[in-house]
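**Q** Below you'll find model31.cif; it's mmCIF, C-alpha atoms and all ligand atoms.
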data_model
#
loop_
_atom_site.label_atom_id
_atom_site.label_comp_id
_atom_site.auth_asym_id
_atom_site.auth_seq_id
_atom_site.Cartn_x
_atom_site.Cartn_y
_atom_site.Cartn_z
CA MET A 64 -36.14 -1.98 7.05
CA THR A 65 -39.10 -3.87 8.61
CA ALA A 66 -36.83 -4.94 11.51
CA VAL A 67 -36.79 -1.31 12.71
CA GLN A 68 -39.69 -0.32 14.98
CA ASN A 69 -41.51 2.97 15.16
CA ALA A 70 -41.89 5.11 18.28
CA LEU A 71 -44.95 3.11 19.36
CA GLY A 72 -43.27 -0.29 18.89
CA GLY A 73 -44.97 -1.05 15.56
CA ASP A 74 -43.55 -1.56 12.07
CA VAL A 75 -41.93 1.43 10.37
CA ILE A 76 -44.38 3.30 8.14
CA GLY A 77 -43.39 2.54 4.54
CA GLY A 78 -41.00 -0.20 5.75
CA GLY A 79 -42.51 -2.71 3.29
CA VAL A 80 -41.49 -0.63 0.27
CA THR A 81 -38.32 -1.87 -1.46
CA LEU A 82 -36.00 -0.22 -3.96
CA ASP A 83 -37.70 -2.30 -6.66
CA ASP A 84 -40.98 -0.52 -5.88
CA LEU A 85 -39.44 2.91 -6.49
CA PRO A 86 -39.01 4.75 -9.81
CA LEU A 87 -35.23 4.78 -9.24
CA ARG A 88 -32.96 5.79 -12.13
CA GLU A 89 -32.19 2.61 -14.09
CA ASP A 90 -28.44 3.28 -13.99
CA LEU A 91 -28.51 3.24 -10.17
CA ARG A 92 -30.30 -0.12 -9.85
CA GLY A 93 -28.10 -2.88 -8.43
CA ARG A 94 -25.39 -0.48 -7.23
CA SER A 95 -24.03 -0.53 -3.67
CA PRO A 96 -23.62 2.58 -1.52
CA TYR A 97 -20.26 3.49 0.03
CA GLY A 98 -20.16 1.54 3.24
CA ALA A 99 -17.03 1.21 5.37
CA PRO A 100 -18.37 -0.72 8.40
CA GLN A 101 -18.80 1.44 11.53
CA LEU A 102 -18.45 -1.19 14.27
CA ASP A 103 -17.88 -0.76 17.98
CA VAL A 104 -14.66 -2.75 18.44
CA PRO A 105 -11.59 -2.03 20.61
CA VAL A 106 -9.21 -1.21 17.73
CA ARG A 107 -10.62 0.67 14.71
CA LEU A 108 -8.09 0.96 11.90
CA ASN A 109 -10.34 1.00 8.86
CA THR A 110 -11.05 4.57 7.68
CA ASN A 111 -7.63 6.29 7.69
CA GLU A 112 -8.53 8.80 10.38
CA ASN A 113 -5.95 10.42 12.63
CA PRO A 114 -6.17 8.36 15.86
CA TYR A 115 -5.24 11.32 18.07
CA PRO A 116 -8.22 13.38 19.27
CA PRO A 117 -8.06 17.18 19.04
CA PRO A 118 -5.89 18.67 21.84
CA PRO A 119 -7.79 20.34 24.75
CA GLU A 120 -6.80 23.88 23.62
CA LEU A 121 -8.38 23.19 20.23
CA VAL A 122 -11.53 21.75 21.78
CA ALA A 123 -11.78 24.90 23.93
CA ASP A 124 -11.19 27.20 20.95
CA ILE A 125 -13.83 25.42 18.83
CA THR A 126 -16.28 25.58 21.74
CA ARG A 127 -15.77 29.34 22.11
CA ALA A 128 -16.00 29.92 18.36
CA VAL A 129 -19.18 27.84 18.02
CA GLN A 130 -20.74 29.61 21.00
CA SER A 131 -20.30 32.99 19.39
CA ALA A 132 -21.46 31.68 15.99
CA ALA A 133 -24.57 30.26 17.71
CA ALA A 134 -25.72 33.81 18.50
CA GLU A 135 -25.96 34.47 14.73
CA LEU A 136 -27.68 31.26 13.66
CA HIS A 137 -30.85 33.07 12.60
CA ARG A 138 -28.81 34.36 9.60
CA TYR A 139 -27.46 32.35 6.68
CA PRO A 140 -23.68 31.88 6.75
CA ASP A 141 -21.21 33.53 4.35
CA ARG A 142 -22.15 31.68 1.16
CA ASN A 143 -18.65 32.11 -0.21
CA ALA A 144 -16.82 31.23 3.03
CA VAL A 145 -14.20 33.88 2.28
CA GLY A 146 -12.67 33.91 5.79
CA LEU A 147 -12.23 30.14 5.82
CA ARG A 148 -10.87 30.11 2.26
CA THR A 149 -8.38 32.83 3.22
CA ASP A 150 -7.15 30.70 6.13
CA LEU A 151 -6.92 27.60 3.93
CA ALA A 152 -4.97 29.55 1.29
CA GLU A 153 -2.54 30.71 3.99
CA TYR A 154 -2.06 27.15 5.22
CA LEU A 155 -1.44 25.84 1.69
CA SER A 156 0.92 28.70 0.82
CA ALA A 157 2.93 28.14 4.00
CA SER A 158 3.15 24.37 3.51
CA THR A 159 3.84 24.32 -0.25
CA GLY A 160 5.62 27.65 -0.85
CA VAL A 161 3.10 28.46 -3.59
CA PRO A 162 1.49 31.89 -3.05
CA LEU A 163 -2.27 31.27 -3.15
CA THR A 164 -5.18 33.56 -2.26
CA TRP A 165 -8.76 32.78 -1.24
CA ALA A 166 -9.76 33.08 -4.91
CA ASN A 167 -7.66 29.95 -5.59
CA VAL A 168 -9.41 27.92 -2.91
CA TRP A 169 -12.85 26.38 -2.62
CA ALA A 170 -14.27 24.44 0.33
CA ALA A 171 -17.18 22.09 0.97
CA ASN A 172 -18.44 19.47 3.42
CA GLY A 173 -15.58 17.00 3.01
CA SER A 174 -13.53 16.53 -0.11
CA ASN A 175 -16.20 14.09 -1.29
CA GLU A 176 -18.51 17.07 -1.74
CA VAL A 177 -15.75 18.98 -3.53
CA LEU A 178 -15.26 15.99 -5.84
CA GLN A 179 -19.01 15.81 -6.46
CA GLN A 180 -19.15 19.50 -7.37
CA ILE A 181 -16.24 18.98 -9.79
CA MET A 182 -18.08 16.11 -11.48
CA GLN A 183 -21.30 18.13 -11.59
CA ALA A 184 -19.54 21.04 -13.28
CA PHE A 185 -17.11 19.22 -15.59
CA GLY A 186 -18.65 15.74 -15.93
CA GLY A 187 -22.27 14.66 -16.35
CA PRO A 188 -24.22 12.91 -19.13
CA GLY A 189 -22.17 12.41 -22.29
CA ARG A 190 -18.89 13.11 -20.49
CA LEU A 191 -16.06 10.73 -19.63
CA ALA A 192 -13.90 10.41 -16.51
CA VAL A 193 -10.84 8.17 -16.17
CA GLY A 194 -9.23 6.80 -13.00
CA PHE A 195 -6.34 4.39 -12.45
CA GLU A 196 -7.52 1.52 -10.30
CA PRO A 197 -7.36 0.29 -7.65
CA SER A 198 -7.93 3.76 -6.27
CA TYR A 199 -10.39 5.69 -4.11
CA SER A 200 -13.74 3.94 -4.39
CA MET A 201 -15.79 7.14 -4.21
CA HIS A 202 -14.48 8.47 -7.54
CA PRO A 203 -16.56 5.99 -9.61
CA ILE A 204 -19.48 6.22 -7.16
CA ILE A 205 -19.64 10.02 -7.58
CA ALA A 206 -19.28 9.55 -11.34
CA ALA A 207 -22.33 7.25 -11.26
CA GLY A 208 -24.31 9.72 -9.14
CA THR A 209 -23.61 12.52 -11.63
CA ARG A 210 -24.12 10.25 -14.66
CA THR A 211 -20.52 10.71 -15.75
CA GLU A 212 -19.21 7.73 -17.73
CA TRP A 213 -16.36 6.10 -15.75
CA LEU A 214 -13.44 4.39 -17.48
CA PRO A 215 -11.27 2.40 -15.06
CA ALA A 216 -7.69 2.11 -16.36
CA PRO A 217 -5.24 -0.31 -14.72
CA ARG A 218 -2.20 0.20 -12.52
CA ARG A 219 0.72 -2.23 -12.66
CA PRO A 220 0.36 -5.56 -10.79
CA ASP A 221 2.47 -4.03 -7.98
CA PHE A 222 -0.10 -1.14 -7.89
CA SER A 223 2.37 1.52 -9.07
CA LEU A 224 1.31 3.80 -11.91
CA ASP A 225 2.86 3.16 -15.32
CA VAL A 226 3.08 6.81 -16.35
CA ARG A 227 3.82 6.22 -20.06
CA GLU A 228 0.92 3.79 -20.29
CA ALA A 229 -1.36 6.14 -18.33
CA ALA A 230 -0.47 9.06 -20.62
CA SER A 231 -1.39 7.00 -23.67
CA VAL A 232 -4.74 6.01 -22.08
CA LEU A 233 -5.43 9.73 -21.63
CA ARG A 234 -4.41 10.63 -25.19
CA GLU A 235 -6.47 7.80 -26.67
CA ASN A 236 -9.66 8.34 -24.65
CA ALA A 237 -9.54 12.12 -24.28
CA PRO A 238 -11.49 12.16 -20.99
CA ASP A 239 -13.23 15.32 -19.81
CA LEU A 240 -11.95 14.50 -16.31
CA THR A 241 -8.93 12.55 -15.07
CA PHE A 242 -8.57 11.42 -11.46
CA LEU A 243 -5.09 10.88 -10.03
CA THR A 244 -4.78 10.04 -6.35
CA SER A 245 -1.46 10.81 -4.69
CA PRO A 246 -0.69 9.17 -2.32
CA ASN A 247 -3.06 6.63 -3.80
CA ASN A 248 -5.76 5.17 -1.58
CA PRO A 249 -5.74 2.20 -0.90
CA THR A 250 -2.27 1.33 -2.19
CA GLY A 251 -0.16 4.20 -0.73
CA GLN A 252 2.20 5.25 -3.55
CA SER A 253 2.63 8.91 -4.62
CA ILE A 254 3.13 10.29 -8.11
CA ASP A 255 6.25 12.42 -8.72
CA PRO A 256 5.60 16.01 -9.89
CA ASP A 257 7.45 15.37 -13.20
CA ASP A 258 5.19 12.40 -13.88
CA LEU A 259 2.16 14.44 -12.87
CA ALA A 260 3.15 17.20 -15.29
CA GLU A 261 3.45 14.62 -18.07
CA LEU A 262 -0.02 13.28 -17.28
CA VAL A 263 -1.58 16.74 -17.08
CA ASP A 264 -0.01 17.55 -20.47
CA ALA A 265 -1.41 14.32 -21.94
CA ALA A 266 -4.93 14.89 -20.59
CA PRO A 267 -7.12 17.13 -22.72
CA GLY A 268 -9.62 17.87 -19.93
CA ILE A 269 -9.56 18.74 -16.25
CA VAL A 270 -7.11 16.75 -14.09
CA VAL A 271 -8.04 16.28 -10.45
CA VAL A 272 -5.18 15.32 -8.17
CA ASP A 273 -6.72 13.95 -5.00
CA GLU A 274 -4.17 14.70 -2.25
CA ALA A 275 -6.24 13.66 0.77
CA TYR A 276 -3.10 12.20 2.39
CA ALA A 277 -0.51 14.76 1.20
CA GLU A 278 0.65 15.73 4.70
CA PHE A 279 1.88 12.17 5.30
CA SER A 280 4.11 12.19 2.20
CA ASP A 281 7.55 13.74 1.56
CA ARG A 282 6.79 14.32 -2.14
CA PRO A 283 6.09 17.86 -3.34
CA SER A 284 2.42 18.68 -3.82
CA ALA A 285 0.81 19.01 -7.25
CA ILE A 286 -0.03 22.55 -6.10
CA GLY A 287 3.47 23.44 -7.36
CA LEU A 288 2.18 22.79 -10.90
CA LEU A 289 -0.71 25.25 -10.65
CA ALA A 290 1.33 28.20 -11.94
CA THR A 291 2.11 26.35 -15.18
CA HIS A 292 -0.93 24.05 -15.53
CA GLY A 293 -3.65 26.04 -13.77
CA HIS A 294 -5.98 26.04 -16.78
CA LYS A 295 -6.78 22.39 -16.15
CA LEU A 296 -5.33 21.26 -12.82
CA VAL A 297 -7.38 20.93 -9.62
CA VAL A 298 -5.79 19.74 -6.38
CA CYS A 299 -8.16 18.37 -3.72
CA ARG A 300 -7.32 18.26 -0.04
CA THR A 301 -9.16 17.40 3.16
CA MET A 302 -9.03 18.17 6.87
CA SER A 303 -10.30 14.64 7.61
CA LYS A 304 -6.94 12.91 7.77
CA ALA A 305 -3.77 14.66 9.00
CA PHE A 306 -5.84 17.50 10.53
CA ALA A 307 -7.83 15.10 12.72
CA PHE A 308 -11.09 16.81 11.67
CA ALA A 309 -13.00 13.96 10.00
CA GLY A 310 -16.08 14.65 12.14
CA GLY A 311 -15.99 18.35 11.21
CA ARG A 312 -16.41 17.58 7.47
CA LEU A 313 -14.20 20.00 5.63
CA GLY A 314 -12.62 19.40 2.24
CA TYR A 315 -11.12 21.96 -0.11
CA LEU A 316 -9.30 22.46 -3.36
CA ALA A 317 -6.67 24.67 -4.92
CA ALA A 318 -7.10 25.73 -8.56
CA ALA A 319 -7.36 28.70 -10.87
CA PRO A 320 -10.09 31.17 -9.80
CA ALA A 321 -12.09 30.29 -12.94
CA VAL A 322 -12.42 26.69 -11.69
CA VAL A 323 -13.86 28.05 -8.44
CA ASP A 324 -16.28 30.19 -10.48
CA ALA A 325 -17.39 27.04 -12.33
CA LEU A 326 -18.12 25.22 -9.06
CA GLN A 327 -20.30 28.09 -7.86
CA LEU A 328 -22.69 27.17 -10.67
CA VAL A 329 -23.44 23.79 -9.08
CA ARG A 330 -22.92 24.26 -5.35
CA LEU A 331 -25.99 24.58 -3.17
CA PRO A 332 -26.41 28.02 -1.60
CA TYR A 333 -25.04 28.18 1.97
CA HIS A 334 -23.69 24.63 1.69
CA LEU A 335 -21.10 25.20 4.46
CA SER A 336 -22.86 25.93 7.75
CA ALA A 337 -21.70 28.78 9.97
CA LEU A 338 -20.78 26.13 12.57
CA THR A 339 -18.61 24.22 10.11
CA GLN A 340 -16.86 27.36 8.91
CA THR A 341 -16.11 28.61 12.38
CA ALA A 342 -14.98 25.21 13.69
CA ALA A 343 -12.70 24.65 10.69
CA ARG A 344 -11.13 28.09 11.17
CA ALA A 345 -10.47 27.24 14.83
CA ALA A 346 -8.90 23.91 13.77
CA LEU A 347 -6.64 25.77 11.33
CA ARG A 348 -5.47 28.09 14.12
CA HIS A 349 -4.11 24.96 15.84
CA ALA A 350 -2.64 23.37 12.71
CA GLU A 351 0.83 23.16 14.16
CA ALA A 352 -0.27 21.19 17.23
CA THR A 353 -2.56 18.87 15.25
CA LEU A 354 -0.09 18.22 12.47
CA GLY A 355 2.52 17.32 15.11
CA SER A 356 0.87 13.89 15.12
CA VAL A 357 1.85 13.39 11.46
CA ALA A 358 5.50 12.78 12.42
CA LEU A 359 4.40 10.25 15.05
CA LEU A 360 2.18 8.44 12.56
CA ARG A 361 4.92 8.35 9.94
CA ALA A 362 7.34 6.90 12.51
CA GLU A 363 4.72 4.30 13.44
CA ARG A 364 4.26 3.43 9.76
CA GLU A 365 8.01 2.81 9.55
CA ARG A 366 7.68 0.49 12.57
CA VAL A 367 4.57 -1.38 11.38
CA VAL A 368 5.84 -2.11 7.86
CA PRO A 369 8.98 -4.12 8.83
CA ALA A 370 7.05 -5.86 11.61
CA LEU A 371 4.46 -7.04 9.06
CA THR A 372 7.22 -8.14 6.70
CA ALA A 373 8.89 -10.08 9.54
CA ALA A 374 5.54 -11.82 10.19
CA GLY A 375 5.54 -13.07 6.58
CA TYR A 376 3.39 -10.46 4.85
CA ASP A 377 4.03 -8.60 1.57
CA VAL A 378 3.60 -4.87 2.21
CA VAL A 379 3.00 -2.31 -0.54
CA PRO A 380 5.25 0.77 -0.03
CA SER A 381 3.18 3.63 1.43
CA ASP A 382 3.57 7.42 1.73
CA ALA A 383 0.27 7.66 3.62
CA ASN A 384 -1.20 6.77 7.03
CA TYR A 385 -2.22 3.27 5.93
CA VAL A 386 -0.62 0.25 4.33
CA LEU A 387 -1.96 -2.40 2.00
CA PHE A 388 -0.67 -5.85 2.86
CA GLY A 389 -1.16 -9.51 1.95
CA ARG A 390 -1.09 -12.04 0.55
CA PHE A 391 -4.07 -13.76 2.06
CA ALA A 392 -5.50 -17.03 0.80
CA ASP A 393 -8.96 -15.48 1.26
CA ALA A 394 -8.98 -11.74 2.10
CA PRO A 395 -12.63 -11.55 3.33
CA ARG A 396 -12.01 -14.52 5.66
CA ALA A 397 -8.78 -12.93 6.93
CA TRP A 398 -10.65 -9.64 7.52
CA ARG A 399 -13.11 -11.56 9.68
CA ALA A 400 -10.22 -13.24 11.58
CA PHE A 401 -8.88 -9.76 12.50
CA LEU A 402 -12.36 -8.58 13.50
CA ASP A 403 -12.99 -11.67 15.66
CA ARG A 404 -9.84 -10.68 17.57
CA GLY A 405 -11.08 -7.09 18.11
CA VAL A 406 -9.24 -5.33 15.25
CA LEU A 407 -11.28 -3.68 12.51
CA ILE A 408 -9.27 -3.16 9.31
CA ARG A 409 -10.48 -2.75 5.71
CA ASP A 410 -11.26 -5.19 2.95
CA VAL A 411 -11.03 -2.88 -0.05
CA GLY A 412 -11.95 -5.62 -2.52
CA ILE A 413 -8.41 -6.22 -3.80
CA PRO A 414 -7.83 -9.98 -4.00
CA GLU A 415 -5.37 -11.31 -1.38
CA HIS A 416 -4.96 -7.90 0.30
CA LEU A 417 -6.28 -5.90 3.25
CA ARG A 418 -5.61 -2.31 4.27
CA VAL A 419 -4.75 -1.14 7.78
CA THR A 420 -4.72 2.47 9.02
CA ILE A 421 -1.73 3.44 11.15
CA GLY A 422 -3.03 4.10 14.67
CA THR A 423 -1.53 4.95 18.05
CA PRO A 424 1.45 2.80 19.16
CA GLU A 425 -0.92 0.79 21.40
CA GLU A 426 -3.40 0.20 18.56
CA ASN A 427 -0.57 -0.78 16.23
CA ASP A 428 0.81 -3.20 18.83
CA ALA A 429 -2.63 -4.81 19.14
CA PHE A 430 -2.90 -5.02 15.36
CA LEU A 431 0.60 -6.50 14.95
CA GLN A 432 -0.10 -9.08 17.65
CA VAL A 433 -3.22 -10.23 15.80
CA ALA A 434 -1.41 -10.07 12.44
CA THR A 435 1.24 -12.42 13.82
CA ASP A 436 -1.43 -14.72 15.30
CA VAL A 437 -3.44 -15.02 12.07
CA ALA A 438 -0.48 -15.25 9.67
CA ASP A 439 -0.22 -19.04 9.96
CA GLN A 440 -3.84 -19.77 9.02
CA GLU A 441 -4.52 -16.88 6.65
CA LEU A 442 -1.42 -16.29 4.49
CA SER A 443 -1.36 -18.03 1.12
CA ARG A 444 1.57 -20.45 0.82
C1 LIG B 501 -8.35 9.60 -1.56
C2 LIG B 501 -9.47 10.18 -0.77
N1 LIG B 501 -10.07 11.28 -1.23
C3 LIG B 501 -11.09 11.84 -0.57
C4 LIG B 501 -11.54 11.31 0.62
C5 LIG B 501 -12.75 11.95 1.24
O1 LIG B 501 -12.48 12.54 2.43
P1 LIG B 501 -13.48 13.57 3.12
O2 LIG B 501 -14.77 13.59 2.36
O3 LIG B 501 -13.62 13.08 4.50
O4 LIG B 501 -12.78 14.89 3.03
C6 LIG B 501 -10.96 10.17 1.14
C7 LIG B 501 -11.46 9.56 2.37
O5 LIG B 501 -11.17 8.47 2.76
C8 LIG B 501 -9.89 9.59 0.42
O6 LIG B 501 -9.30 8.47 0.85
#
Show me this structure written as structure tokens.
Ligand SMILES: Cc1ncc(COP(=O)(O)O)c(C=O)c1O

**A**
Amino acid sequence: MTAVQNALGGDVIGGGVTLDDLPLREDLRGRSPYGAPQLDVPVRLNTNENPYPPPPELVADITRAVQSAAAELHRYPDRNAVGLRTDLAEYLSASTGVPLTWANVWAANGSNEVLQQIMQAFGGPGRLAVGFEPSYSMHPIIAAGTRTEWLPAPRRPDFSLDVREAASVLRENAPDLTFLTSPNNPTGQSIDPDDLAELVDAAPGIVVVDEAYAEFSDRPSAIGLLATHGHKLVVCRTMSKAFAFAGGRLGYLAAAPAVVDALQLVRLPYHLSALTQTAARAALRHAEATLGSVALLRAERERVVPALTAAGYDVVPSDANYVLFGRFADAPRAWRAFLDRGVLIRDVGIPEHLRVTIGTPEENDAFLQVATDVADQELSR
């Protein structure tokens, strides 16, 4: 902190204070914040965004919508975001065939905020959450922030989920919350609806299916299980990935209306700004154009995977817009070798593996060129 200067060129006021000097909660000491590097390099394939920017018609529509919302900024926004939730329910109903209404949908600033509200309402001190790792790193971080005990249960060595084993973990530990990620980040595999139903039946508490990458997968959504399992199933989605709206920050969920009522007990009033609501509604009006890129990205995934295999890599099968690949003698060193050649990918902390987001054809070509170049030095033999 002392390296930063203030407006007059001096040291930052308070810059000498460290975390050790603060009365921080003991259970947060020594923890690391979420921190995917944000580096200015030619090819950025590390945070699973859609590489295609919003089309000009969408940019124009958002601009118009924000301009008219700006005239009302002296007023708080609709606290319950009913218009946006209605649009999201329509999108989900059309894409899954499950008839949902706004009362089934809740939205917040990114699905991370939705996940946090779920943990605040159903987790917390004295409560247990289970996840099957490796999986999305924010699940345990949000558990820590809400003082929810986190029990990491394993996946198979090939990263697939052993459903029988997982069901017995749930029966034995009786968690208040279970996190299932499908397709799983960072490994890419989805969970079949029959397997999901078995896991929801085995779990005594709330089951959160995190479907951040659902649009990239052919598998039916867990939303199809809401009619039969709605008393404990919550399906989380985001506009950050397929919708190319990561900068807009909009995540949402589908569940029984009572779950939405529960989240209203912990959400901050007016948490979704009028600008966010109006911009997200504009983005939803252009869903067809934006989601057109999903087919391109899936086709690129089908091109990247065999090219990596041909270069000597093991690739974990993926239903998402990223692939986990290896096996590196030293994954952090290999990550650096990619970065030194202008390609930022992700070291997710899984030994021998790195994760790459599927980008535009040009970005993928650049990545594959570097992957071929570094294979000789970096692959384990
Ligand atoms: C599995 C999963 N869930 C949730 C999120 C959070 O997305 P956001 O907060 O941008 O909606 C991500 C982002 O990478 C993710 O990979």

**Q** Taking a cut-off of 8 Å and counting only C-alpha atoms and all ligand atoms, can you build a table that, for each residue of chain A near ligand LIG 501 (chain B), reports the nearest atom pair and how far apart they are in Å (one decimal), sorted by chain then residue number, as a Markdown table?

**A**
| residue | atom | partner | partner_atom | distance |
| --- | --- | --- | --- | --- |
| A:Thr110 | CA | B:LIG501 | O5 | 6.3 |
| A:Asn111 | CA | B:LIG501 | O5 | 6.4 |
| A:Asn172 | CA | B:LIG501 | O2 | 7.0 |
| A:Gly173 | CA | B:LIG501 | O4 | 3.5 |
| A:Ser174 | CA | B:LIG501 | O4 | 3.6 |
| A:Asn175 | CA | B:LIG501 | O2 | 4.0 |
| A:Glu176 | CA | B:LIG501 | O2 | 6.6 |
| A:Leu178 | CA | B:LIG501 | C3 | 7.9 |
| A:Ser198 | CA | B:LIG501 | C1 | 7.5 |
| A:Tyr199 | CA | B:LIG501 | C1 | 5.1 |
| A:Met201 | CA | B:LIG501 | C3 | 7.6 |
| A:Thr244 | CA | B:LIG501 | C1 | 6.0 |
| A:Ser245 | CA | B:LIG501 | C1 | 7.7 |
| A:Pro246 | CA | B:LIG501 | C1 | 7.7 |
| A:Asn247 | CA | B:LIG501 | C1 | 6.5 |
| A:Asn248 | CA | B:LIG501 | C1 | 5.1 |
| A:Pro249 | CA | B:LIG501 | O6 | 7.4 |
| A:Asp273 | CA | B:LIG501 | N1 | 5.7 |
| A:Glu274 | CA | B:LIG501 | C1 | 6.6 |
| A:Ala275 | CA | B:LIG501 | N1 | 4.9 |
| A:Tyr276 | CA | B:LIG501 | C1 | 7.1 |
| A:Cys299 | CA | B:LIG501 | N1 | 7.8 |
| A:Arg300 | CA | B:LIG501 | O4 | 7.1 |
| A:Thr301 | CA | B:LIG501 | O4 | 4.4 |
| A:Met302 | CA | B:LIG501 | O4 | 6.3 |
| A:Ser303 | CA | B:LIG501 | O3 | 4.8 |
| A:Lys304 | CA | B:LIG501 | O3 | 7.4 |
| A:Ala309 | CA | B:LIG501 | O3 | 5.6 |
| A:Arg312 | CA | B:LIG501 | O3 | 6.1 |
| A:Leu313 | CA | B:LIG501 | O4 | 5.9 |
| A:Gly314 | CA | B:LIG501 | O4 | 4.6 |
| A:Tyr315 | CA | B:LIG501 | O4 | 7.9 |

**Q** Looking at A:Ala350, A:Leu214, A:Ala394, A:Ile125, which one is nearest to Ala157 (chain A), with distances taken over only C-alpha atoms?

**A**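 Looking at the shortest contact to Ala157 (chain A), the residue is A:Ala350.
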
**Q** Excluding same-chain residues fewer than 4 positions from Phe185 (chain A), what lies within 9 Å of it counting all atoms listed in the file, as a list in words?

**A**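 Near Phe185 (chain A), the qualifying residues are Gln180, Ile181, Arg190, Asp239, Leu240, Gly268, Ile269, Ala325 and Leu326 of chain A.
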
**Q** Pick out the residues sitting within 10 Å of Gly405 (chain A), and hand them over as a PDB file with C-alpha atoms, in the coordinates of the input; count only C-alpha atoms, and ignore anything fewer than 3 positions along from it in its own chain.

**A**
ATOM      1  CA  ASP A 103     -17.880  -0.760  17.980  1.00  0.00           C
ATOM      2  CA  VAL A 104     -14.660  -2.750  18.440  1.00  0.00           C
ATOM      3  CA  PRO A 105     -11.590  -2.030  20.610  1.00  0.00           C
ATOM      4  CA  VAL A 106      -9.210  -1.210  17.730  1.00  0.00           C
ATOM      5  CA  ARG A 107     -10.620   0.670  14.710  1.00  0.00           C
ATOM      6  CA  ARG A 399     -13.110 -11.560   9.680  1.00  0.00           C
ATOM      7  CA  ALA A 400     -10.220 -13.240  11.580  1.00  0.00           C
ATOM      8  CA  PHE A 401      -8.880  -9.760  12.500  1.00  0.00           C
ATOM      9  CA  LEU A 402     -12.360  -8.580  13.500  1.00  0.00           C
ATOM     10  CA  ILE A 408      -9.270  -3.160   9.310  1.00  0.00           C
ATOM     11  CA  ALA A 429      -2.630  -4.810  19.140  1.00  0.00           C
ATOM     12  CA  PHE A 430      -2.900  -5.020  15.360  1.00  0.00           C
ATOM     13  CA  VAL A 433      -3.220 -10.230  15.800  1.00  0.00           C
TER      14      VAL A 433
END

**Q** With a cut-off of 10 Å, could you pull out the residues of region 309-396 of chain A touching region 284-287 of chain A and give me the nearest pair of atoms for each, distance in Å to one decimal, using all atoms listed in the file, ordered by chain and ascending number, as CSV?

**A**
residue,atom,partner,partner_atom,distance
A:Leu316,CA,A:Ile286,CA,9.7
A:Ala317,CA,A:Ile286,CA,7.1
A:Ala318,CA,A:Ile286,CA,8.1

**Q** Draw an axis-aligned box tight on the listed atoms of region 159-167 of chain A, then pad every side by 4 Å and write out centre and edge lengths in Å to one decimal as lines of an AutoDock Vina configuration file.

**A**
center_x = -2.1
center_y = 28.9
center_z = -2.9
size_x = 23.4
size_y = 17.2
size_z = 13.3

**Q** For the atom pair CA of Thr420 (chain A) and CA of Val270 (chain A), what is the interatomic distance in Å to one decimal place?

**A** 27.3 Å

**Q** If you count all atoms listed in the file, which residues fall within 12 Å of Ala133 (chain A), apart from same-chain ones fewer than 5 positions away, as a PyMOL selection string?

**A** chain A and resi 125-128+138-140+336-339+341-342

**Q** Which one of A:Arg344, A:Ala358, A:Arg396, A:Asn427 sits closest to Asp124 (chain A) if you count only C-alpha atoms?

**A**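 Once distances to Asp124 (chain A) are computed over only C-alpha atoms, the minimum belongs to A:Arg344.
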
**Q** Would you please work out which residue, of A:Ala171, A:Leu224, A:Val368, A:Ala237, is nearest to Phe388 (chain A) when using all atoms listed in the file?

**A** A:Val368

**Q** Please, what distance in Å, to one decimal, runs between CA of Arg409 (chain A) and CA of Asn109 (chain A)?

**A**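 Interatomic distance, CA of Arg409 (chain A) to CA of Asn109 (chain A): 4.9 Å.
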
**Q** Can you tell me which residues surround Ala370 (chain A) at a distance of at most 12 Å, considering all atoms listed in the file, apart from same-chain residues fewer than 2 positions away, and format the answer as an NGL selection string?

**A** :A and (363-368 or 372-378 or 388 or 427-428 or 430-435)

**Q** Kindly give the distance, in Å, that separates CA of Ala266 (chain A) and CA of Glu278 (chain A), rounded to a single decimal.

**A**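 Atom-to-atom, CA of Ala266 (chain A) and CA of Glu278 (chain A) are spaced 25.9 Å apart.
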
**Q** Starting from the structure just given, write a file holding region 71-92 of chain A with C-alpha atoms, as an mmCIF file, in the first residue's frame.

**A**
data_model
loop_
_atom_site.group_PDB
_atom_site.id
_atom_site.type_symbol
_atom_site.label_atom_id
_atom_site.label_comp_id
_atom_site.auth_asym_id
_atom_site.auth_seq_id
_atom_site.Cartn_x
_atom_site.Cartn_y
_atom_site.Cartn_z
ATOM 1 C CA LEU A 71 0.085 15.558 -3.631
ATOM 2 C CA GLY A 72 2.782 12.946 -4.327
ATOM 3 C CA GLY A 73 3.162 11.870 -0.682
ATOM 4 C CA ASP A 74 2.519 8.541 1.032
ATOM 5 C CA VAL A 75 -1.074 7.322 1.224
ATOM 6 C CA ILE A 76 -2.756 8.321 4.492
ATOM 7 C CA GLY A 77 -3.078 5.150 6.578
ATOM 8 C CA GLY A 78 -0.799 3.280 4.142
ATOM 9 C CA GLY A 79 1.390 2.027 7.012
ATOM 10 C CA VAL A 80 -1.497 0.126 8.614
ATOM 11 C CA THR A 81 -1.482 -3.620 7.860
ATOM 12 C CA LEU A 82 -4.160 -6.275 8.226
ATOM 13 C CA ASP A 83 -2.389 -7.402 11.401
ATOM 14 C CA ASP A 84 -3.101 -3.984 12.932
ATOM 15 C CA LEU A 85 -6.855 -4.331 12.348
ATOM 16 C CA PRO A 86 -9.434 -6.070 14.551
ATOM 17 C CA LEU A 87 -10.250 -8.424 11.653
ATOM 18 C CA ARG A 88 -12.400 -11.493 12.348
ATOM 19 C CA GLU A 89 -10.021 -14.298 13.364
ATOM 20 C CA ASP A 90 -11.531 -16.706 10.829
ATOM 21 C CA LEU A 91 -10.621 -14.329 7.982
ATOM 22 C CA ARG A 92 -6.945 -13.953 8.957
#
